[in-house]
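Chemist: The structure file my_file-v6.pdb (PDB, C-alpha atoms, pLDDT in the B column) is provided below.
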MODEL        1
ATOM      1  CA  MET A1197      -1.526   3.704   0.765  1.00 79.00           C
ATOM      2  CA  ILE A1198      -1.516   5.839  -2.356  1.00 83.00           C
ATOM      3  CA  CYS A1199      -4.584   6.320  -4.513  1.00 81.00           C
ATOM      4  CA  SER A1200      -4.728   7.548  -8.095  1.00 79.00           C
ATOM      5  CA  GLY A1201      -8.039   7.208  -9.891  1.00 78.00           C
ATOM      6  CA  HIS A1202      -9.112   3.624  -9.266  1.00 82.00           C
ATOM      7  CA  PHE A1203      -5.590   2.322  -8.628  1.00 87.00           C
ATOM      8  CA  PHE A1204      -4.154   1.819  -5.149  1.00 87.00           C
ATOM      9  CA  ILE A1205      -0.523   1.272  -4.137  1.00 88.00           C
ATOM     10  CA  PHE A1206       0.194  -0.134  -0.712  1.00 90.00           C
ATOM     11  CA  GLU A1207       3.619  -0.648   0.887  1.00 90.00           C
ATOM     12  CA  THR A1208       4.477  -2.591   4.012  1.00 92.00           C
ATOM     13  CA  VAL A1209       7.272  -4.671   5.540  1.00 93.00           C
ATOM     14  CA  GLU A1210       4.887  -7.432   6.669  1.00 93.00           C
ATOM     15  CA  TYR A1211       3.657  -9.885   4.063  1.00 94.00           C
ATOM     16  CA  THR A1212       0.641 -10.806   6.193  1.00 95.00           C
ATOM     17  CA  THR A1213      -0.487  -7.192   5.860  1.00 94.00           C
ATOM     18  CA  VAL A1214      -0.254  -7.523   2.072  1.00 95.00           C
ATOM     19  CA  GLU A1215      -2.478 -10.602   2.318  1.00 95.00           C
ATOM     20  CA  ARG A1216      -5.068  -8.693   4.377  1.00 94.00           C
ATOM     21  CA  PHE A1217      -4.936  -5.794   1.900  1.00 91.00           C
ATOM     22  CA  SER A1218      -5.556  -8.263  -0.948  1.00 93.00           C
ATOM     23  CA  GLU A1219      -8.522  -9.790   0.865  1.00 93.00           C
ATOM     24  CA  CYS A1220     -10.035  -6.345   1.491  1.00 88.00           C
ATOM     25  CA  VAL A1221      -9.612  -5.257  -2.126  1.00 88.00           C
ATOM     26  CA  GLU A1222     -11.187  -8.469  -3.410  1.00 91.00           C
ATOM     27  CA  SER A1223     -14.096  -8.245  -0.948  1.00 89.00           C
ATOM     28  CA  LEU A1224     -14.836  -4.758  -2.347  1.00 85.00           C
ATOM     29  CA  GLY A1225     -14.920  -6.087  -5.911  1.00 87.00           C
ATOM     30  CA  GLY A1226     -11.406  -5.123  -6.959  1.00 89.00           C
ATOM     31  CA  SER A1227      -8.359  -7.126  -7.884  1.00 93.00           C
ATOM     32  CA  VAL A1228      -4.697  -7.134  -6.951  1.00 95.00           C
ATOM     33  CA  ILE A1229      -2.533  -6.420  -9.987  1.00 96.00           C
ATOM     34  CA  SER A1230       0.851  -7.267  -8.499  1.00 96.00           C
ATOM     35  CA  VAL A1231       2.777  -7.839  -5.286  1.00 96.00           C
ATOM     36  CA  LYS A1232       6.530  -7.537  -5.385  1.00 95.00           C
ATOM     37  CA  PRO A1233       9.461  -7.036  -3.035  1.00 96.00           C
ATOM     38  CA  ILE A1234      10.939  -3.678  -3.989  1.00 93.00           C
ATOM     39  CA  LYS A1235      13.931  -3.313  -1.677  1.00 92.00           C
ATOM     40  CA  LYS A1236      15.448  -4.069   1.701  1.00 93.00           C
ATOM     41  CA  ILE A1237      15.277  -1.360   4.334  1.00 90.00           C
ATOM     42  CA  TRP A1238      17.011  -1.008   7.682  1.00 88.00           C
ATOM     43  CA  ILE A1239      15.012  -1.191  10.885  1.00 86.00           C
ATOM     44  CA  GLY A1240      17.390   0.097  13.509  1.00 86.00           C
ATOM     45  CA  SER A1241      21.097  -0.479  12.994  1.00 89.00           C
ATOM     46  CA  HIS A1242      21.197  -4.289  12.905  1.00 90.00           C
ATOM     47  CA  ARG A1243      18.098  -5.519  11.085  1.00 92.00           C
ATOM     48  CA  GLN A1244      17.023  -5.423   7.452  1.00 93.00           C
ATOM     49  CA  VAL A1245      13.498  -6.237   6.272  1.00 94.00           C
ATOM     50  CA  ILE A1246      11.922  -6.566   2.849  1.00 94.00           C
ATOM     51  CA  LEU A1247       9.596  -3.801   1.688  1.00 93.00           C
ATOM     52  CA  TYR A1248       6.650  -5.165  -0.301  1.00 96.00           C
ATOM     53  CA  GLN A1249       4.555  -3.140  -2.722  1.00 94.00           C
ATOM     54  CA  ALA A1250       1.058  -4.234  -3.712  1.00 94.00           C
ATOM     55  CA  LYS A1251      -0.817  -2.629  -6.610  1.00 94.00           C
ATOM     56  CA  ALA A1252      -4.565  -3.013  -6.904  1.00 93.00           C
ATOM     57  CA  SER A1253      -7.397  -1.882  -9.129  1.00 92.00           C
ATOM     58  CA  LEU A1254     -10.642  -0.971  -7.408  1.00 85.00           C
ATOM     59  CA  HIS A1255     -13.355   1.036  -9.115  1.00 79.00           C
ATOM     60  CA  THR A1256     -14.702   3.111  -6.211  1.00 68.00           C
ATOM     61  CA  PRO A1257     -16.236   6.331  -7.543  1.00 67.00           C
ATOM     62  CA  HIS A1258     -18.431   6.952  -4.479  1.00 67.00           C
ATOM     63  CA  HIS A1259     -17.141   4.384  -2.004  1.00 67.00           C
ATOM     64  CA  ASP A1260     -16.205   5.265   1.588  1.00 72.00           C
ATOM     65  CA  LEU A1261     -12.676   3.961   0.944  1.00 71.00           C
ATOM     66  CA  LYS A1262     -12.021   6.887  -1.391  1.00 70.00           C
ATOM     67  CA  GLN A1263     -13.262   9.329   1.261  1.00 71.00           C
ATOM     68  CA  TYR A1264     -11.073   7.621   3.866  1.00 75.00           C
ATOM     69  CA  TRP A1265      -8.029   8.027   1.608  1.00 72.00           C
ATOM     70  CA  ILE A1266      -8.844  11.714   1.003  1.00 72.00           C
ATOM     71  CA  LYS A1267      -8.930  12.264   4.774  1.00 77.00           C
ATOM     72  CA  TYR A1268      -5.987  10.096   5.884  1.00 76.00           C
ATOM     73  CA  GLY A1269      -4.036   9.177   2.741  1.00 73.00           C
ATOM     74  CA  SER A1270      -1.043  10.696   1.047  1.00 72.00           C
ATOM     75  CA  PHE A1271       0.660  10.940  -2.315  1.00 72.00           C
ATOM     76  CA  ARG A1272       3.757   9.244  -0.861  1.00 73.00           C
ATOM     77  CA  THR A1273       4.166   6.172   1.292  1.00 71.00           C
ATOM     78  CA  ARG A1274       5.919   6.337   4.634  1.00 67.00           C
ATOM     79  CA  PHE A1275       8.848   4.497   3.039  1.00 73.00           C
ATOM     80  CA  ASP A1276       9.378   7.139   0.339  1.00 71.00           C
ATOM     81  CA  GLU A1277      12.947   8.435   0.554  1.00 68.00           C
ATOM     82  CA  ARG A1278      12.161  11.899  -0.793  1.00 63.00           C
ATOM     83  CA  SER A1279      12.127  14.573   1.874  1.00 49.00           C
TER      84      SER A1279
ENDMDL
END
The structure given in the file should be rewritten as C-alpha cells.
Modeler:
Amino acid sequence: MICSGHFFIFETVEYTTVERFSECVESLGGSVISVKPIKKIWIGSHRQVILYQAKASLHTPHHDLKQYWIKYGSFRTRFDERS
C-alpha cells in the first residue's frame, strides 16, 4: 500500500483482497475512487494473474492507519518493476 496525503493506492493479485480493502476504507469513513486491472504478471513460469490497483481517499490526519503506513509502508508496491 502506498500513501500520499489522504490518498492510498493498494495493489494485489486477489480481487477478494481488493474487496476487503474497500470495506476497511469505507468503515473508516473514506471512499474507494477506482479499482482497475492494470496488467497481467507471471507467477512462476506457467501462470499469469491479473494485478488489480485500488485507489482510495481517506482523510486520516491523526489516525493509527497513517502511523502503521509510516512504520510498515513504502513508496512503491511490491509489484513495482523499478529496481
Chemist: Given 5 Å of margin on each side, can you work out the centre and size in Å (one decimal) of an axis-aligned box holding every listed atom of segment 1233-1248 of chain A, as AutoDock Vina command-line options?
Modeler:
--center_x 13.9 --center_y -3.5 --center_z 4.8 --size_x 24.5 --size_y 17.1 --size_z 27.5
Chemist: Suppose a student applies the PyMOL selection byres ((chain A and resi 1261-1270) around 12) to this structure; what residues should they get, written as a CSV table (one decimal) with C-alpha atoms, keeping the file's coordinate frame?
Modeler:
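And here is the file that came out, out.csv:
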chain,number,residue,atom,x,y,z
A,1197,MET,CA,-1.5,3.7,0.8
A,1198,ILE,CA,-1.5,5.8,-2.4
A,1199,CYS,CA,-4.6,6.3,-4.5
A,1200,SER,CA,-4.7,7.5,-8.1
A,1201,GLY,CA,-8.0,7.2,-9.9
A,1202,HIS,CA,-9.1,3.6,-9.3
A,1203,PHE,CA,-5.6,2.3,-8.6
A,1204,PHE,CA,-4.2,1.8,-5.1
A,1205,ILE,CA,-0.5,1.3,-4.1
A,1206,PHE,CA,0.2,-0.1,-0.7
A,1220,CYS,CA,-10.0,-6.3,1.5
A,1221,VAL,CA,-9.6,-5.3,-2.1
A,1224,LEU,CA,-14.8,-4.8,-2.3
A,1254,LEU,CA,-10.6,-1.0,-7.4
A,1255,HIS,CA,-13.4,1.0,-9.1
A,1256,THR,CA,-14.7,3.1,-6.2
A,1257,PRO,CA,-16.2,6.3,-7.5
A,1258,HIS,CA,-18.4,7.0,-4.5
A,1259,HIS,CA,-17.1,4.4,-2.0
A,1260,ASP,CA,-16.2,5.3,1.6
A,1271,PHE,CA,0.7,10.9,-2.3
A,1272,ARG,CA,3.8,9.2,-0.9
A,1273,THR,CA,4.2,6.2,1.3
A,1274,ARG,CA,5.9,6.3,4.6
A,1275,PHE,CA,8.8,4.5,3.0
A,1276,ASP,CA,9.4,7.1,0.3
Chemist: What does the distance from atom CA of Lys1235 of chain A to atom CA of Glu1219 of chain A come to in Å, to one decimal?
Modeler: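 For atom CA of Lys1235 of chain A relative to atom CA of Glu1219 of chain A, the distance reads 23.5 Å.
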Chemist: Please write as a list in words the list of polymer residues whose atoms come within 9 Å of (-3.2, -5.1, -5.0), counting all atoms listed in the file and keeping to the coordinates of the file.
Modeler: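 So the residues meeting the distance criterion are Phe1203, Phe1204, Ile1205, Phe1206, Val1214, Phe1217, Ser1218, Val1221, Glu1222, Gly1226, Ser1227, Val1228, Ile1229, Ser1230, Val1231, Gln1249, Ala1250, Lys1251, Ala1252, Ser1253 and Leu1254 of chain A.
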Chemist: For the selection you just gave me, I'd like the residues written to a file as a compact mmCIF listing (two decimals), keeping the file's coordinate frame, keeping C-alpha atoms.
Modeler:
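Written output follows (selection-v9.txt):
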# COMPACT_ATOMS: atom_id res chain seq x y z
CA PHE A 1203 -5.59 2.32 -8.63
CA PHE A 1204 -4.15 1.82 -5.15
CA ILE A 1205 -0.52 1.27 -4.14
CA PHE A 1206 0.19 -0.13 -0.71
CA VAL A 1214 -0.25 -7.52 2.07
CA PHE A 1217 -4.94 -5.79 1.90
CA SER A 1218 -5.56 -8.26 -0.95
CA VAL A 1221 -9.61 -5.26 -2.13
CA GLU A 1222 -11.19 -8.47 -3.41
CA GLY A 1226 -11.41 -5.12 -6.96
CA SER A 1227 -8.36 -7.13 -7.88
CA VAL A 1228 -4.70 -7.13 -6.95
CA ILE A 1229 -2.53 -6.42 -9.99
CA SER A 1230 0.85 -7.27 -8.50
CA VAL A 1231 2.78 -7.84 -5.29
CA GLN A 1249 4.56 -3.14 -2.72
CA ALA A 1250 1.06 -4.23 -3.71
CA LYS A 1251 -0.82 -2.63 -6.61
CA ALA A 1252 -4.57 -3.01 -6.90
CA SER A 1253 -7.40 -1.88 -9.13
CA LEU A 1254 -10.64 -0.97 -7.41
Chemist: Rounded to one decimal in Å, what is the spacing between atom CA of Ile1239 of chain A and atom CA of Thr1208 of chain A?
Modeler: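 These atoms are spaced 12.7 Å apart.
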Chemist: Do you have the atom CA of Gln1244 of chain A-atom CA of Glu1207 of chain A distance handy?
Modeler: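 If I compute the distance from atom CA of Gln1244 of chain A to atom CA of Glu1207 of chain A, I get 15.7 Å.
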Chemist: Name the residues that the PyMOL selection byres ((chain A and resi 1246) around 6) pulls out of this structure, and write them as a VMD selection string.
Modeler: chain A and resid 1209 1235 to 1236 1245 1247
Chemist: Emit segment 1209-1222 of chain A of the structure in the block as a file comprising all heavy atoms, as a short mmCIF file (atom, residue, chain, number, x, y, z; two decimals), in the first residue's frame.
Modeler:
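Contents of decode_27.cif, as written:
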data_model
loop_
_atom_site.label_atom_id
_atom_site.label_comp_id
_atom_site.auth_asym_id
_atom_site.auth_seq_id
_atom_site.Cartn_x
_atom_site.Cartn_y
_atom_site.Cartn_z
N VAL A 1209 -3.06 -9.24 -6.37
CA VAL A 1209 -3.48 -10.14 -7.44
C VAL A 1209 -4.78 -10.87 -7.09
O VAL A 1209 -5.28 -11.63 -7.89
CB VAL A 1209 -2.37 -11.16 -7.79
CG1 VAL A 1209 -1.16 -10.45 -8.36
CG2 VAL A 1209 -1.99 -12.01 -6.59
N GLU A 1210 -5.31 -10.63 -5.91
CA GLU A 1210 -6.55 -11.28 -5.47
C GLU A 1210 -7.66 -10.25 -5.34
O GLU A 1210 -7.56 -9.33 -4.54
CB GLU A 1210 -6.34 -11.99 -4.14
CG GLU A 1210 -5.34 -13.12 -4.21
CD GLU A 1210 -5.19 -13.82 -2.88
OE1 GLU A 1210 -6.14 -13.78 -2.07
OE2 GLU A 1210 -4.14 -14.40 -2.65
N TYR A 1211 -8.72 -10.43 -6.10
CA TYR A 1211 -9.81 -9.45 -6.07
C TYR A 1211 -10.52 -9.44 -4.72
O TYR A 1211 -11.00 -8.40 -4.28
CB TYR A 1211 -10.81 -9.70 -7.20
CG TYR A 1211 -11.67 -8.48 -7.42
CD1 TYR A 1211 -11.19 -7.42 -8.19
CD2 TYR A 1211 -12.91 -8.36 -6.83
CE1 TYR A 1211 -11.94 -6.28 -8.37
CE2 TYR A 1211 -13.68 -7.22 -7.01
CZ TYR A 1211 -13.18 -6.19 -7.77
OH TYR A 1211 -13.92 -5.04 -7.94
N THR A 1212 -10.56 -10.57 -4.03
CA THR A 1212 -11.19 -10.59 -2.71
C THR A 1212 -10.44 -9.69 -1.74
O THR A 1212 -11.05 -9.10 -0.84
CB THR A 1212 -11.27 -12.02 -2.13
OG1 THR A 1212 -9.95 -12.59 -2.10
CG2 THR A 1212 -12.18 -12.90 -2.97
N THR A 1213 -9.14 -9.54 -1.92
CA THR A 1213 -8.37 -8.64 -1.08
C THR A 1213 -8.73 -7.19 -1.38
O THR A 1213 -8.78 -6.35 -0.47
CB THR A 1213 -6.86 -8.88 -1.28
OG1 THR A 1213 -6.58 -10.27 -1.07
CG2 THR A 1213 -6.03 -8.07 -0.31
N VAL A 1214 -9.00 -6.89 -2.63
CA VAL A 1214 -9.47 -5.54 -3.00
C VAL A 1214 -10.80 -5.26 -2.31
O VAL A 1214 -11.03 -4.16 -1.79
CB VAL A 1214 -9.62 -5.40 -4.53
CG1 VAL A 1214 -10.31 -4.10 -4.90
CG2 VAL A 1214 -8.27 -5.49 -5.21
N GLU A 1215 -11.69 -6.25 -2.28
CA GLU A 1215 -12.98 -6.08 -1.62
C GLU A 1215 -12.81 -5.81 -0.14
O GLU A 1215 -13.48 -4.94 0.43
CB GLU A 1215 -13.86 -7.30 -1.86
CG GLU A 1215 -14.29 -7.44 -3.31
CD GLU A 1215 -14.96 -8.76 -3.61
OE1 GLU A 1215 -14.77 -9.74 -2.84
OE2 GLU A 1215 -15.69 -8.82 -4.62
N ARG A 1216 -11.91 -6.54 0.52
CA ARG A 1216 -11.65 -6.30 1.95
C ARG A 1216 -11.05 -4.93 2.18
O ARG A 1216 -11.39 -4.23 3.14
CB ARG A 1216 -10.74 -7.39 2.51
CG ARG A 1216 -11.44 -8.72 2.68
CD ARG A 1216 -10.65 -9.68 3.54
NE ARG A 1216 -9.25 -9.74 3.18
CZ ARG A 1216 -8.65 -10.77 2.62
NH1 ARG A 1216 -9.33 -11.85 2.35
NH2 ARG A 1216 -7.37 -10.74 2.32
N PHE A 1217 -10.13 -4.50 1.31
CA PHE A 1217 -9.55 -3.17 1.39
C PHE A 1217 -10.65 -2.11 1.29
O PHE A 1217 -10.69 -1.16 2.07
CB PHE A 1217 -8.50 -2.97 0.29
CG PHE A 1217 -7.97 -1.58 0.16
CD1 PHE A 1217 -7.07 -1.08 1.09
CD2 PHE A 1217 -8.36 -0.76 -0.88
CE1 PHE A 1217 -6.57 0.21 0.98
CE2 PHE A 1217 -7.87 0.53 -1.01
CZ PHE A 1217 -6.97 1.02 -0.07
N SER A 1218 -11.56 -2.29 0.34
CA SER A 1218 -12.67 -1.35 0.16
C SER A 1218 -13.53 -1.27 1.41
O SER A 1218 -13.92 -0.18 1.84
CB SER A 1218 -13.52 -1.77 -1.04
OG SER A 1218 -12.76 -1.77 -2.21
N GLU A 1219 -13.85 -2.42 1.98
CA GLU A 1219 -14.66 -2.45 3.20
C GLU A 1219 -13.96 -1.72 4.35
O GLU A 1219 -14.60 -0.97 5.09
CB GLU A 1219 -14.96 -3.88 3.61
CG GLU A 1219 -15.91 -4.60 2.67
CD GLU A 1219 -16.02 -6.08 2.97
OE1 GLU A 1219 -15.39 -6.56 3.95
OE2 GLU A 1219 -16.73 -6.78 2.22
N CYS A 1220 -12.66 -1.92 4.49
CA CYS A 1220 -11.90 -1.25 5.55
C CYS A 1220 -11.89 0.26 5.36
O CYS A 1220 -12.10 1.02 6.31
CB CYS A 1220 -10.46 -1.77 5.60
SG CYS A 1220 -10.31 -3.46 6.17
N VAL A 1221 -11.64 0.70 4.14
CA VAL A 1221 -11.61 2.13 3.85
C VAL A 1221 -12.96 2.77 4.15
O VAL A 1221 -13.03 3.81 4.82
CB VAL A 1221 -11.20 2.39 2.37
CG1 VAL A 1221 -11.48 3.82 1.96
CG2 VAL A 1221 -9.73 2.06 2.16
N GLU A 1222 -14.03 2.12 3.73
CA GLU A 1222 -15.37 2.66 3.96
C GLU A 1222 -15.73 2.66 5.44
O GLU A 1222 -16.37 3.59 5.92
CB GLU A 1222 -16.39 1.89 3.13
CG GLU A 1222 -16.24 2.19 1.64
CD GLU A 1222 -17.09 1.32 0.75
OE1 GLU A 1222 -17.92 0.53 1.27
OE2 GLU A 1222 -16.92 1.41 -0.48
#
